[in-house]
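Undergrad: After the structure tokens below, expect a handful of questions from me.
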Amino acid sequence: MLLEEFDPNPSAVINPADVVRPVPGLPKVGVSCFSHRTFARMADALSAEECAATGIASMHLPVCRAAFCGTELALFLAPVGAPACVSVLEDLFAMGLEKLVLFGNCGVLDRAIGDCSVIIPTAALRDEGTSFHYAPAADEIEVNPRYREAFLRILDGHGCGHTLGKTWTTDGAYRETREKVARRREAGCVCVEMECAAVAALAAFRGKEVFQFFYAGDNLDAERWEARSLSGSAKLPEKDRVALLALELAQEMGRQV
């Protein structure tokens, strides 16, 4: 199979360093999300200022510098989908980013998981293609090997409930059939999204530290699909509180060497 042809050589025909250059003064720790509304509200609250830029063919993505409680952070919007997201993160790492908190919405496979509640992935099922270019072929990949306990302490400090479990990373958002949902639940998955496995593989391959977490959105565990807070304009105060959790974790990651 083509997806089993993993090549561990870190040098490719086109490398991030061929496209971008290190950015002097870029903070080593970053925070990113997939919602443009959440990103805009977070950047506005922190008076973030653009210091660099990257993007993909269809999208310009500014990279901002901001301070949170005395900690310098890089803020940027992550594009949706594993290939685009990983390409942008490759650029950011080449620019000088070393650590990242990445958060976003996900679909839940268990109706008992509350809307907008926090989900911490422990592993990801690799039902996408990008991760296979960064790690040997396997069904799963470990997620968040570091900083999990630090994040749990932050959640406890806010009295914020959470769910731990596997996530299902898939490229086919419109191919999440009932049969597949049932099989993924049997494999231990509590949620579904499009980037986690690929980002985890990239982080391990490049030797960077990325912590990923989600807030629960639409529900796939019902007779009919339930959108709940999937819309970017829904439950903004709750999503602002999720962004605060990400900022506090980034601050903690900046303290740990």
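Labels used: A, B, ... for chains in the order of the structure tokens, numbers from 1 for residues in each chain, and numbers from 1 for ligands as shown.
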Got a sec: who's within 12 Å of Tyr147 of chain A, counting only C-alpha atoms, leaving out chain neighbours fewer than 3 positions off, as a VMD selection string?
TA: chain A and resid 99 to 101 120 122 143 to 144 150 to 154 209 to 213 246 248 to 257
Undergrad: With only C-alpha atoms counted and 9 Å as the cut-off, give the residues of segment 57-146 of chain A in contact with segment 18-31 of chain A, each with its shortest interatomic distance in Å and the pair that gives it, as CSV.
TA:
residue,atom,partner,partner_atom,distance
A:Cys64,CA,A:Leu26,CA,8.8
A:Arg65,CA,A:Pro27,CA,7.1
A:Ala66,CA,A:Pro27,CA,8.8
A:Thr71,CA,A:Val29,CA,9.0
A:Glu72,CA,A:Pro27,CA,5.9
A:Leu73,CA,A:Gly30,CA,5.2
A:Ala74,CA,A:Gly30,CA,4.3
A:Leu75,CA,A:Val31,CA,5.2
A:Phe76,CA,A:Val31,CA,6.9
A:Leu77,CA,A:Val31,CA,8.7
A:Asp91,CA,A:Val20,CA,6.4
A:Leu92,CA,A:Val20,CA,8.6
A:Phe93,CA,A:Pro22,CA,8.7
A:Ala94,CA,A:Pro22,CA,6.1
A:Met95,CA,A:Pro22,CA,3.9
A:Gly96,CA,A:Pro22,CA,5.6
A:Leu97,CA,A:Lys28,CA,4.6
A:Glu98,CA,A:Lys28,CA,5.1
A:Lys99,CA,A:Val29,CA,4.7
A:Leu100,CA,A:Gly30,CA,4.6
A:Val101,CA,A:Val31,CA,4.8
A:Leu102,CA,A:Val31,CA,6.0
A:Phe103,CA,A:Val31,CA,8.2
Undergrad: Could you pull out the alpha helix (DSSP H) residues of segment 63-224 of chain A from DSSP and send them as a PyMOL selection string?
TA: chain A and resi 82-95+148-157+178-186+196-206
Undergrad: Skip segment 168-175 of chain A itself and residues of its chain fewer than 5 positions away, then list as a PyMOL selection string all residues within 12 Å of it, counting only C-alpha atoms.
TA: chain A and resi 80-84+106-109+121-131+139-141+143+180-200+220+225
Undergrad: Deliver the residues from the most recent selection as a file, using C-alpha atoms, as an mmCIF file, in the first residue's frame.
TA:
data_model
loop_
_atom_site.group_PDB
_atom_site.id
_atom_site.type_symbol
_atom_site.label_atom_id
_atom_site.label_comp_id
_atom_site.auth_asym_id
_atom_site.auth_seq_id
_atom_site.Cartn_x
_atom_site.Cartn_y
_atom_site.Cartn_z
ATOM 1 C CA VAL A 80 -9.217 23.181 8.784
ATOM 2 C CA GLY A 81 -8.127 19.801 7.405
ATOM 3 C CA ALA A 82 -5.008 17.764 8.070
ATOM 4 C CA PRO A 83 -2.916 18.641 4.969
ATOM 5 C CA ALA A 84 -3.464 22.397 5.248
ATOM 6 C CA CYS A 106 -15.137 18.287 17.454
ATOM 7 C CA GLY A 107 -18.107 16.014 16.977
ATOM 8 C CA VAL A 108 -18.999 13.740 19.871
ATOM 9 C CA LEU A 109 -19.698 10.023 19.584
ATOM 10 C CA PRO A 121 -7.445 13.122 23.335
ATOM 11 C CA THR A 122 -5.082 10.402 24.541
ATOM 12 C CA ALA A 123 -4.684 8.738 21.134
ATOM 13 C CA ALA A 124 -5.977 9.271 17.606
ATOM 14 C CA LEU A 125 -7.241 6.761 15.048
ATOM 15 C CA ARG A 126 -5.485 7.596 11.783
ATOM 16 C CA ASP A 127 -8.313 7.647 9.246
ATOM 17 C CA GLU A 128 -6.590 10.362 7.172
ATOM 18 C CA GLY A 129 -3.554 10.453 4.917
ATOM 19 C CA THR A 130 -1.202 13.125 6.211
ATOM 20 C CA SER A 131 0.033 11.337 9.326
ATOM 21 C CA ASP A 139 -4.005 2.372 13.223
ATOM 22 C CA GLU A 140 -3.360 4.755 16.122
ATOM 23 C CA ILE A 141 -0.917 7.373 17.324
ATOM 24 C CA VAL A 143 -1.502 12.187 21.526
ATOM 25 C CA LYS A 180 -18.273 3.645 11.020
ATOM 26 C CA VAL A 181 -19.400 5.616 14.073
ATOM 27 C CA ALA A 182 -20.341 2.351 15.796
ATOM 28 C CA ARG A 183 -16.966 0.795 14.974
ATOM 29 C CA ARG A 184 -15.058 3.834 16.175
ATOM 30 C CA ARG A 185 -16.984 3.828 19.433
ATOM 31 C CA GLU A 186 -16.133 0.152 19.895
ATOM 32 C CA ALA A 187 -12.460 1.106 19.397
ATOM 33 C CA GLY A 188 -12.722 3.601 22.271
ATOM 34 C CA CYS A 189 -13.237 6.871 20.403
ATOM 35 C CA VAL A 190 -15.269 9.557 22.128
ATOM 36 C CA CYS A 191 -15.078 12.190 19.376
ATOM 37 C CA VAL A 192 -14.261 12.878 15.732
ATOM 38 C CA GLU A 193 -12.298 15.651 13.990
ATOM 39 C CA MET A 194 -9.974 16.177 11.015
ATOM 40 C CA GLU A 195 -6.452 17.091 12.187
ATOM 41 C CA CYS A 196 -5.336 15.530 15.482
ATOM 42 C CA ALA A 197 -3.542 12.399 14.247
ATOM 43 C CA ALA A 198 -1.639 14.338 11.587
ATOM 44 C CA VAL A 199 -0.574 17.089 14.003
ATOM 45 C CA ALA A 200 0.594 14.514 16.557
ATOM 46 C CA LEU A 220 -23.359 12.005 16.133
ATOM 47 C CA TRP A 225 -27.586 14.471 13.675
#
Undergrad: Measure the distance from atom CA of Leu236 of chain A to atom CA of Gly165 of chain A in Å and round it to one decimal.
TA: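 One can read the atom CA of Leu236 of chain A to atom CA of Gly165 of chain A distance as 25.1 Å.
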Undergrad: For His162 of chain A, find every residue with an atom within 9 Å (counting only C-alpha atoms), except residues of its own chain fewer than 3 positions away, and show them as a ChimeraX atom specification.
TA: /A:113,117-120,152,155
Undergrad: Create the file for the chosen residues now, containing C-alpha atoms and written as a JSON list (two decimals), in the first residue's frame.
TA:
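Result written to selection.json:
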[["chain", "number", "residue", "atom", "x", "y", "z"],
["A", 113, "ILE", "CA", -20.62, 14.54, 26.58],
["A", 117, "SER", "CA", -17.30, 20.66, 27.33],
["A", 118, "VAL", "CA", -13.57, 19.91, 27.15],
["A", 119, "ILE", "CA", -12.24, 16.71, 25.57],
["A", 120, "ILE", "CA", -8.60, 15.66, 25.93],
["A", 152, "LEU", "CA", -5.85, 18.75, 34.21],
["A", 155, "LEU", "CA", -9.21, 22.44, 34.48]]
Undergrad: When distances are computed from only C-alpha atoms, which of A:Ser47, A:Asn9, A:Thr167, A:Ser231 shows the smallest separation from Cys116 of chain A?
TA: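 That would be A:Ser231, the residue with the smallest distance to Cys116 of chain A.
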Undergrad: Any chance you could list, as a PyMOL selection string, the residues in segment 75-207 of chain A that come up strand (DSSP E) when DSSP is run on the backbone?
TA: chain A and resi 75-77+99-108+118-127+140-142+162-170+189-193
Undergrad: Can you tell me how far atom CA of Arg111 of chain A sits from atom CA of Ala40 of chain A, in Å to one decimal?
TA: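 A separation of 29.7 Å between them.
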